[in-house]
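Peer 1: Below is the file run-v3.cif, which contains mmCIF, C-alpha atoms.
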```cif
data_final
#
loop_
_atom_site.group_PDB
_atom_site.id
_atom_site.type_symbol
_atom_site.label_atom_id
_atom_site.label_comp_id
_atom_site.auth_asym_id
_atom_site.auth_seq_id
_atom_site.Cartn_x
_atom_site.Cartn_y
_atom_site.Cartn_z
ATOM 1 C CA MET A 1255 53.417 72.615 101.337
ATOM 2 C CA HIS A 1256 50.846 75.065 102.695
ATOM 3 C CA PRO A 1257 52.740 77.560 104.885
ATOM 4 C CA VAL A 1258 49.627 78.441 106.856
ATOM 5 C CA LEU A 1259 49.798 75.035 108.608
ATOM 6 C CA PRO A 1260 53.129 75.521 110.463
ATOM 7 C CA PHE A 1261 52.302 79.185 111.054
ATOM 8 C CA THR A 1262 49.031 78.158 112.735
ATOM 9 C CA ILE A 1263 50.828 75.561 114.842
ATOM 10 C CA ALA A 1264 53.341 78.198 115.955
ATOM 11 C CA ALA A 1265 50.559 80.641 116.840
ATOM 12 C CA LEU A 1266 48.751 78.001 118.923
ATOM 13 C CA LEU A 1267 51.982 77.085 120.718
ATOM 14 C CA PHE A 1268 52.560 80.768 121.459
ATOM 15 C CA GLY A 1269 49.070 81.082 122.948
ATOM 16 C CA ILE A 1270 49.674 77.995 125.093
ATOM 17 C CA GLY A 1271 52.981 79.448 126.272
ATOM 18 C CA VAL A 1272 51.352 82.765 127.203
ATOM 19 C CA TYR A 1273 48.702 80.877 129.178
ATOM 20 C CA GLY A 1274 51.416 78.911 131.000
ATOM 21 C CA VAL A 1275 53.468 82.012 131.845
ATOM 22 C CA ILE A 1276 50.427 83.762 133.300
ATOM 23 C CA VAL A 1277 48.882 80.837 135.153
ATOM 24 C CA ARG A 1278 51.768 78.800 136.566
ATOM 25 C CA ARG A 1279 53.013 79.554 140.077
ATOM 26 C CA ASN A 1280 55.955 77.164 140.246
ATOM 27 C CA ALA A 1281 59.020 78.960 138.842
ATOM 28 C CA VAL A 1282 60.335 75.825 137.078
ATOM 29 C CA LEU A 1283 56.997 75.330 135.302
ATOM 30 C CA LEU A 1284 57.110 79.017 134.382
ATOM 31 C CA LEU A 1285 60.452 78.442 132.652
ATOM 32 C CA MET A 1286 58.964 75.483 130.751
ATOM 33 C CA ALA A 1287 56.200 77.772 129.432
ATOM 34 C CA VAL A 1288 58.874 80.281 128.384
ATOM 35 C CA GLU A 1289 60.551 77.468 126.421
ATOM 36 C CA LEU A 1290 57.255 76.910 124.590
ATOM 37 C CA LEU A 1291 57.182 80.615 123.667
ATOM 38 C CA LEU A 1292 60.738 80.502 122.328
ATOM 39 C CA ASN A 1293 59.982 77.393 120.291
ATOM 40 C CA ALA A 1294 56.902 79.007 118.757
ATOM 41 C CA VAL A 1295 59.054 81.936 117.615
ATOM 42 C CA ASN A 1296 61.649 79.527 116.226
ATOM 43 C CA LEU A 1297 58.969 77.700 114.265
ATOM 44 C CA VAL A 1298 57.790 81.005 112.768
ATOM 45 C CA LEU A 1299 61.361 81.829 111.730
ATOM 46 C CA VAL A 1300 61.947 78.439 110.093
ATOM 47 C CA THR A 1301 58.610 78.530 108.286
ATOM 48 C CA ALA A 1302 59.267 82.053 107.053
ATOM 49 C CA ASP A 1303 62.644 80.864 105.815
ATOM 50 C CA ALA A 1304 60.923 78.093 103.840
ATOM 51 C CA THR A 1305 58.161 80.386 102.561
ATOM 52 C CA ILE A 1306 59.739 83.726 101.745
ATOM 53 C CA ARG A 1307 62.716 83.711 99.394
ATOM 54 C CA SER A 1308 65.036 86.309 100.857
ATOM 55 C CA VAL A 1309 68.175 87.735 99.269
ATOM 56 C CA VAL A 1310 70.311 86.027 101.894
ATOM 57 C CA PRO A 1311 69.505 82.310 101.925
ATOM 58 C CA HIS A 1312 68.836 80.504 105.199
ATOM 59 C CA SER A 1313 68.794 83.659 107.322
ATOM 60 C CA GLY A 1314 65.660 82.511 109.189
ATOM 61 C CA GLN A 1315 67.305 79.233 110.152
ATOM 62 C CA SER A 1316 70.457 81.080 111.263
ATOM 63 C CA PHE A 1317 68.372 83.262 113.539
ATOM 64 C CA ALA A 1318 66.535 80.223 114.902
ATOM 65 C CA LEU A 1319 69.967 78.779 115.710
ATOM 66 C CA PHE A 1320 70.885 81.976 117.590
ATOM 67 C CA ILE A 1321 67.596 81.847 119.522
ATOM 68 C CA ILE A 1322 68.308 78.250 120.567
ATOM 69 C CA VAL A 1323 71.670 79.406 121.963
ATOM 70 C CA LEU A 1324 69.952 82.314 123.732
ATOM 71 C CA ALA A 1325 67.463 79.871 125.229
ATOM 72 C CA ALA A 1326 70.309 77.723 126.538
ATOM 73 C CA ALA A 1327 71.905 80.770 128.193
ATOM 74 C CA GLU A 1328 68.540 81.858 129.572
ATOM 75 C CA ILE A 1329 67.787 78.467 131.064
ATOM 76 C CA GLY A 1330 71.225 78.315 132.707
ATOM 77 C CA VAL A 1331 70.941 81.682 134.420
ATOM 78 C CA GLY A 1332 67.237 81.187 135.175
ATOM 79 C CA LEU A 1333 67.810 77.869 136.908
ATOM 80 C CA ALA A 1334 70.715 79.303 138.907
ATOM 81 C CA LEU A 1335 68.393 82.082 140.094
ATOM 82 C CA ILE A 1336 65.627 79.600 140.931
ATOM 83 C CA LEU A 1337 67.986 77.370 142.916
ATOM 84 C CA GLN A 1338 69.303 80.383 144.833
ATOM 85 C CA LEU A 1339 65.722 81.454 145.513
ATOM 86 C CA TYR A 1340 64.916 77.984 146.818
ATOM 87 C CA ARG A 1341 68.021 78.061 149.007
ATOM 88 C CA MET A 1342 66.967 81.372 150.552
ATOM 89 C CA ARG A 1343 63.221 80.919 150.894
ATOM 90 C CA HIS A 1344 62.623 77.135 150.626
ATOM 91 C CA SER A 1345 59.948 77.704 148.029
ATOM 92 C CA VAL A 1346 59.854 78.393 144.308
ATOM 93 C CA ASP A 1347 56.351 79.841 144.367
ATOM 94 C CA VAL A 1348 56.427 83.116 142.431
ATOM 95 C CA GLU A 1349 53.326 84.315 144.306
ATOM 96 C CA GLU A 1350 55.343 84.483 147.524
ATOM 97 C CA LEU A 1351 58.205 86.459 146.026
ATOM 98 C CA PRO A 1352 58.793 89.724 147.879
ATOM 99 C CA LEU A 1353 59.393 92.337 145.205
ATOM 100 C CA THR A 1354 60.221 95.341 147.394
ATOM 101 C CA GLU A 1355 61.524 94.373 150.820
ATOM 102 C CA ALA A 1356 65.033 93.102 151.444
ATOM 103 C CA THR A 1357 65.499 89.781 153.243
ATOM 104 C CA PRO A 1358 67.554 90.646 156.310
ATOM 105 C CA VAL A 1359 67.031 87.354 158.161
ATOM 106 C CA VAL A 1360 68.460 84.885 155.684
ATOM 107 C CA VAL A 1361 71.437 86.738 154.212
ATOM 108 C CA PRO A 1362 72.208 89.794 156.318
ATOM 109 C CA VAL A 1363 75.328 90.848 154.382
ATOM 110 C CA GLU A 1364 73.458 90.943 151.095
ATOM 111 C CA ALA A 1365 70.672 92.965 152.676
ATOM 112 C CA ASP A 1366 73.145 95.531 154.016
ATOM 113 C CA GLN A 1367 74.614 95.925 150.572
ATOM 114 C CA GLU A 1368 71.180 96.396 149.101
ATOM 115 C CA VAL A 1369 70.558 99.218 151.546
ATOM 116 C CA ALA A 1370 73.975 100.746 150.997
ATOM 117 C CA ARG A 1371 73.469 100.945 147.233
ATOM 118 C CA MET B 722 47.082 67.780 100.671
ATOM 119 C CA THR B 723 50.517 66.425 99.987
ATOM 120 C CA ALA B 724 52.595 64.143 102.161
ATOM 121 C CA ALA B 725 54.377 67.173 103.632
ATOM 122 C CA ASP B 726 51.031 68.675 104.639
ATOM 123 C CA VAL B 727 49.878 65.482 106.316
ATOM 124 C CA LEU B 728 53.180 65.249 108.213
ATOM 125 C CA LEU B 729 52.999 68.908 109.234
ATOM 126 C CA ALA B 730 49.414 68.592 110.468
ATOM 127 C CA SER B 731 49.991 65.395 112.449
ATOM 128 C CA LEU B 732 53.283 66.563 114.013
ATOM 129 C CA GLY B 733 51.655 69.891 114.790
ATOM 130 C CA ALA B 734 48.739 68.165 116.498
ATOM 131 C CA VAL B 735 51.218 66.208 118.646
ATOM 132 C CA ALA B 736 53.152 69.388 119.483
ATOM 133 C CA VAL B 737 50.072 71.415 120.392
ATOM 134 C CA GLY B 738 48.467 68.583 122.396
ATOM 135 C CA ALA B 739 51.630 67.901 124.376
ATOM 136 C CA GLY B 740 52.123 71.648 124.850
ATOM 137 C CA LEU B 741 48.639 71.911 126.342
ATOM 138 C CA LEU B 742 49.525 69.096 128.729
ATOM 139 C CA VAL B 743 52.756 70.907 129.723
ATOM 140 C CA VAL B 744 50.806 73.919 130.977
ATOM 141 C CA THR B 745 47.832 72.035 132.439
ATOM 142 C CA THR B 746 49.240 68.898 134.090
ATOM 143 C CA ARG B 747 49.227 68.748 137.872
ATOM 144 C CA HIS B 748 52.461 66.720 138.098
ATOM 145 C CA VAL B 749 55.646 68.798 137.921
ATOM 146 C CA VAL B 750 57.779 65.956 136.536
ATOM 147 C CA ARG B 751 55.200 65.014 133.900
ATOM 148 C CA ALA B 752 55.222 68.612 132.644
ATOM 149 C CA GLY B 753 58.938 68.178 131.890
ATOM 150 C CA LEU B 754 58.324 64.867 130.125
ATOM 151 C CA TRP B 755 55.500 66.317 128.007
ATOM 152 C CA LEU B 756 57.885 69.137 127.126
ATOM 153 C CA VAL B 757 60.167 66.464 125.624
ATOM 154 C CA VAL B 758 57.278 65.307 123.398
ATOM 155 C CA THR B 759 56.527 68.881 122.301
ATOM 156 C CA LEU B 760 60.147 69.694 121.505
ATOM 157 C CA GLY B 761 60.592 66.395 119.656
ATOM 158 C CA ALA B 762 57.525 67.069 117.524
ATOM 159 C CA ILE B 763 58.862 70.541 116.749
ATOM 160 C CA ALA B 764 62.166 68.931 115.699
ATOM 161 C CA GLY B 765 60.108 66.761 113.339
ATOM 162 C CA LEU B 766 58.422 69.885 111.970
ATOM 163 C CA TYR B 767 61.867 71.371 111.305
ATOM 164 C CA LEU B 768 62.789 68.218 109.372
ATOM 165 C CA VAL B 769 59.662 68.487 107.221
ATOM 166 C CA LEU B 770 60.431 72.166 106.629
ATOM 167 C CA SER B 771 63.869 71.020 105.333
ATOM 168 C CA ALA B 772 65.821 72.511 108.252
ATOM 169 C CA GLU B 773 67.995 69.462 108.887
ATOM 170 C CA LEU B 774 70.746 70.966 111.016
ATOM 171 C CA LEU B 775 68.251 72.870 113.145
ATOM 172 C CA ALA B 776 66.292 69.683 113.840
ATOM 173 C CA TRP B 777 69.375 67.918 115.170
ATOM 174 C CA VAL B 778 70.449 70.973 117.171
ATOM 175 C CA GLN B 779 66.946 71.059 118.618
ATOM 176 C CA VAL B 780 67.194 67.414 119.689
ATOM 177 C CA LEU B 781 70.713 67.872 121.084
ATOM 178 C CA LEU B 782 70.259 71.185 122.884
ATOM 179 C CA TYR B 783 66.602 71.263 123.848
ATOM 180 C CA VAL B 784 65.678 67.640 124.428
ATOM 181 C CA GLY B 785 69.179 66.721 125.563
ATOM 182 C CA ALA B 786 70.331 69.669 127.633
ATOM 183 C CA VAL B 787 67.498 72.052 128.494
ATOM 184 C CA VAL B 788 65.005 69.406 129.574
ATOM 185 C CA VAL B 789 67.638 67.593 131.628
ATOM 186 C CA LEU B 790 68.489 70.894 133.345
ATOM 187 C CA LEU B 791 64.803 71.514 134.022
ATOM 188 C CA LEU B 792 64.382 68.040 135.502
ATOM 189 C CA PHE B 793 67.467 68.631 137.666
ATOM 190 C CA ALA B 794 65.830 71.837 138.905
ATOM 191 C CA VAL B 795 62.618 69.945 139.635
ATOM 192 C CA MET B 796 64.580 67.478 141.753
ATOM 193 C CA LEU B 797 66.758 70.078 143.488
ATOM 194 C CA THR B 798 63.771 72.202 144.497
ATOM 195 C CA ARG B 799 62.116 69.103 145.985
ATOM 196 C CA ALA B 800 58.984 69.329 143.911
ATOM 197 C CA PRO B 801 56.122 67.137 145.124
ATOM 198 C CA ILE B 802 56.109 63.703 143.499
ATOM 199 C CA GLY B 803 52.372 63.235 143.168
ATOM 200 C CA ALA B 804 49.690 65.546 141.870
ATOM 201 C CA SER B 805 49.563 68.928 143.537
ATOM 202 C CA ASP B 806 46.721 71.431 143.365
ATOM 203 C CA ASP B 807 48.636 74.622 144.124
ATOM 204 C CA LEU B 808 50.556 74.853 140.843
ATOM 205 C CA ASP B 809 48.157 77.264 139.165
ATOM 206 C CA ARG B 810 46.713 80.668 139.867
ATOM 207 C CA VAL B 811 43.167 81.582 138.936
ATOM 208 C CA ARG B 812 42.904 80.229 135.424
ATOM 209 C CA TRP B 813 40.470 82.429 133.512
ATOM 210 C CA PRO B 814 42.637 85.567 133.021
ATOM 211 C CA GLY B 815 45.486 83.455 131.665
ATOM 212 C CA ALA B 816 43.107 81.461 129.465
ATOM 213 C CA LEU B 817 41.595 84.676 128.153
ATOM 214 C CA VAL B 818 44.954 86.289 127.319
ATOM 215 C CA GLY B 819 46.463 83.071 125.938
ATOM 216 C CA ALA B 820 43.459 82.267 123.756
ATOM 217 C CA GLY B 821 43.332 85.880 122.604
ATOM 218 C CA ALA B 822 47.024 85.898 121.643
ATOM 219 C CA GLY B 823 46.761 82.516 119.910
ATOM 220 C CA ALA B 824 43.554 83.322 118.036
ATOM 221 C CA GLY B 825 44.822 86.754 117.026
ATOM 222 C CA LEU B 826 48.051 85.330 115.619
ATOM 223 C CA VAL B 827 46.183 82.530 113.815
ATOM 224 C CA ALA B 828 43.843 85.086 112.236
ATOM 225 C CA LEU B 829 46.821 87.223 111.218
ATOM 226 C CA PHE B 830 48.675 84.319 109.586
ATOM 227 C CA ALA B 831 45.518 82.985 107.896
ATOM 228 C CA ASP B 832 44.815 86.425 106.495
ATOM 229 C CA ALA B 833 48.401 86.800 105.288
ATOM 230 C CA PHE B 834 48.883 83.409 103.654
ATOM 231 C CA HIS B 835 45.361 82.042 102.971
ATOM 232 C CA TRP B 836 45.705 78.534 101.498
ATOM 233 C CA SER B 837 48.678 79.356 99.278
ATOM 234 C CA ARG B 838 51.255 76.759 98.312
ATOM 235 C CA VAL B 839 55.029 77.039 98.172
ATOM 236 C CA GLY B 840 57.628 74.523 97.122
ATOM 237 C CA LEU B 841 60.053 73.324 99.743
ATOM 238 C CA PRO B 842 63.363 75.210 99.653
ATOM 239 C CA ALA B 843 66.850 73.805 99.411
ATOM 240 C CA PRO B 844 67.624 71.751 102.516
ATOM 241 C CA GLY B 845 69.342 73.587 105.368
ATOM 242 C CA THR B 846 72.240 71.225 105.735
ATOM 243 C CA ALA B 847 75.181 71.927 108.021
ATOM 244 C CA GLU B 848 77.121 73.210 105.020
ATOM 245 C CA ALA B 849 74.404 75.664 103.972
ATOM 246 C CA ILE B 850 73.742 76.962 107.490
ATOM 247 C CA GLY B 851 77.457 77.212 108.196
ATOM 248 C CA GLY B 852 77.884 79.270 105.055
ATOM 249 C CA ALA B 853 75.000 81.562 106.018
ATOM 250 C CA VAL B 854 76.274 82.025 109.569
ATOM 251 C CA PHE B 855 79.917 82.618 108.753
ATOM 252 C CA ARG B 856 79.436 84.663 105.573
ATOM 253 C CA THR B 857 76.507 86.862 106.582
ATOM 254 C CA TRP B 858 75.817 86.650 110.290
ATOM 255 C CA VAL B 859 79.327 86.668 111.761
ATOM 256 C CA LEU B 860 78.738 89.640 114.090
ATOM 257 C CA PRO B 861 75.582 88.170 115.720
ATOM 258 C CA PHE B 862 77.469 84.879 116.057
ATOM 259 C CA GLU B 863 80.320 86.572 117.936
ATOM 260 C CA LEU B 864 77.856 88.517 120.096
ATOM 261 C CA VAL B 865 76.069 85.288 120.977
ATOM 262 C CA SER B 866 79.367 83.721 122.033
ATOM 263 C CA VAL B 867 80.135 86.689 124.308
ATOM 264 C CA LEU B 868 76.619 86.432 125.747
ATOM 265 C CA LEU B 869 77.097 82.720 126.432
ATOM 266 C CA LEU B 870 80.291 83.495 128.331
ATOM 267 C CA ALA B 871 78.521 86.205 130.322
ATOM 268 C CA ALA B 872 75.665 83.829 131.124
ATOM 269 C CA LEU B 873 78.164 81.185 132.246
ATOM 270 C CA VAL B 874 79.950 83.579 134.600
ATOM 271 C CA GLY B 875 76.625 84.956 135.830
ATOM 272 C CA ALA B 876 75.212 81.522 136.572
ATOM 273 C CA ILE B 877 78.347 80.579 138.545
ATOM 274 C CA VAL B 878 78.315 83.831 140.539
ATOM 275 C CA VAL B 879 74.613 83.500 141.330
ATOM 276 C CA SER B 880 74.713 79.866 142.350
ATOM 277 C CA ARG B 881 77.899 79.840 144.467
ATOM 278 C CA PRO B 882 76.992 80.953 147.975
ATOM 279 C CA ASP B 883 80.589 81.856 148.926
ATOM 280 C CA VAL B 884 80.744 84.319 146.056
ATOM 281 C CA SER B 885 77.233 85.686 145.951
ATOM 282 C CA ALA B 886 76.614 85.946 149.695
ATOM 283 C CA GLY B 887 79.306 88.601 149.901
ATOM 284 C CA SER B 888 81.949 86.823 151.972
ATOM 285 C CA ARG B 889 84.560 88.855 150.083
ATOM 286 C CA PRO B 890 82.845 92.157 149.419
ATOM 287 C CA ASP B 891 86.113 93.934 148.509
ATOM 288 C CA SER B 892 86.732 91.798 145.457
ATOM 289 C CA ARG B 893 83.334 92.399 143.888
ATOM 290 C CA GLY B 894 84.222 95.753 142.421
ATOM 291 C CA ARG B 895 81.448 97.806 143.999
#
```
Any chance you could give the structure as structure tokens?

Peer 2:
Amino acid sequence: MHPVLPFTIAALLFGIGVYGVIVRRNAVLLLMAVELLLNAVNLVLVTADATIRSVVPHSGQSFALFIIVLAAAEIGVGLALILQLYRMRHSVDVEELPLTEATPVVVPVEADQEVAR
Amino acid sequence: MTAADVLLASLGAVAVGAGLLVVTTRHVVRAGLWLVVTLGAIAGLYLVLSAELLAWVQVLLYVGAVVVLLLFAVMLTRAPIGASDDLDRVRWPGALVGAGAGAGLVALFADAFHWSRVGLPAPGTAEAIGGAVFRTWVLPFELVSVLLLAALVGAIVVSRPDVSAGSRPDSRGR
């Protein structure tokens, strides 16, 4: 097996993921591009595990397993945030996200708390 | 070129092609379905790289759970069914950065490994991975379980309007 093949595939997938994260405006599509990034990193870890004989066997695959669990947690919280965003603003377009102002019209209690903090 | 190389190259071509379609398609639902193809091909790559358990976890968790969650989100946010033109920003900065990152990493890996050959390692069966996780990586494993619990609670708090909208501000500990 030539290890440069899976490493190249992982690098290309990472580039594709970076393109998707930068270009996409829909928040759900943004999360899909993030999944591509995570999978590219996982592929690098598994290939390194197969290529480099470490003192501790299978550590790369263990870490890939942990990253899969992290991705599951990330997708759960991320989708909850996206659904809440859609509920408040009726759009999941990240271009229209207000990053500084509070949203007093939709949820006034939350806005008051934001000010009070 | 051995059989493993041919399998790696063909599965990698499927993964990269489907990945390109994920970030370029104009249908939101089709992006999720192409993501299934990409993740499946990556599971195949794991199998060729002798990571058995990881391949099945990938199919179970990614193809089974993550993609289904993403498709649920697509439906719940009432994404347009047909093709839509407003999914992308201006493309050239993203293409520039993405191609730069990809090409840079490819150059780095090619420089590091050239056309060297390695034998395939011992298969990462459930027994082997279980031994590695529970003998060596117990602390990260426990931390990941705590993080999963935190993510679960966080997702519930964020998505329940009666909790997150502050109907009971006294009980939130602020």

Peer 1: Please determine the contact residues of chain A with respect to chain B at a cut-off of 7 Å, counting all atoms listed in the file, and supply them as a VMD selection string.

Peer 2: chain A and resid 1255 to 1263 1265 to 1270 1272 to 1274 1276 to 1280 1282 1287 1301 1304 to 1305 1311 to 1313 1316 1319 1326 to 1327 1329 to 1331 1333 to 1335 1337 to 1338 1340 1361 1363 to 1364

Peer 1: Rounded to one decimal place, report the atom CA of Leu1291 of chain A-atom CA of Leu1339 of chain A distance in Å.

Peer 2: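 Pair atom CA of Leu1291 of chain A / atom CA of Leu1339 of chain A returns 23.5 Å.
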
Peer 1: Work out how far atom CA of Leu1351 of chain A is from atom CA of Ala804 of chain B, in Å to one decimal.

Peer 2: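 Spanning atom CA of Ala804 of chain B to atom CA of Leu1351 of chain A is a straight-line distance of 23.0 Å.
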
Peer 1: Of the candidates A:Leu1324, A:Val1346, A:Ile1336, A:Arg1341, which one gets nearest to Val867 of chain B if we count only C-alpha atoms?

Peer 2: A:Leu1324

Peer 1: To one decimal in Å, tell me the separation between atom CA of Gly761 of chain B and atom CA of Val780 of chain B.

Peer 2: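 These atoms are spaced 6.7 Å apart.
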
Peer 1: Using only C-alpha atoms, pick whichever of A:Val1309, A:Met1342, A:Ala1325, A:Ala1302 has the shortest atom-to-atom distance to Glu1289 of chain A.

Peer 2: A:Ala1325

Peer 1: From the list B:Val735, B:Val789, B:Leu768, B:Val859, which residue is nearest Val1300 of chain A when using all atoms listed in the file?

Peer 2: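 That would be B:Leu768, the residue with the smallest distance to Val1300 of chain A.
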
Peer 1: If you count all atoms listed in the file, which residues fall within 9 Å of Ser805 of chain B, apart from same-chain ones fewer than 4 positions away, as a list in words?

Peer 2: Arg747, His748, Val749 and Pro801 of chain B

Peer 1: Calculated over all atoms listed in the file, which of the candidates B:Trp777, B:Ser731, B:Asp883, B:Glu863 has the smallest distance to Ala847 of chain B?

Peer 2: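 Smallest distance to Ala847 of chain B is found for B:Trp777.
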
Peer 1: Under the rule that only C-alpha atoms are counted, which of A:Glu1328, A:Pro1352, A:Phe1317, A:Leu1285 is the nearest residue to Val1298 of chain A?

Peer 2: A:Phe1317
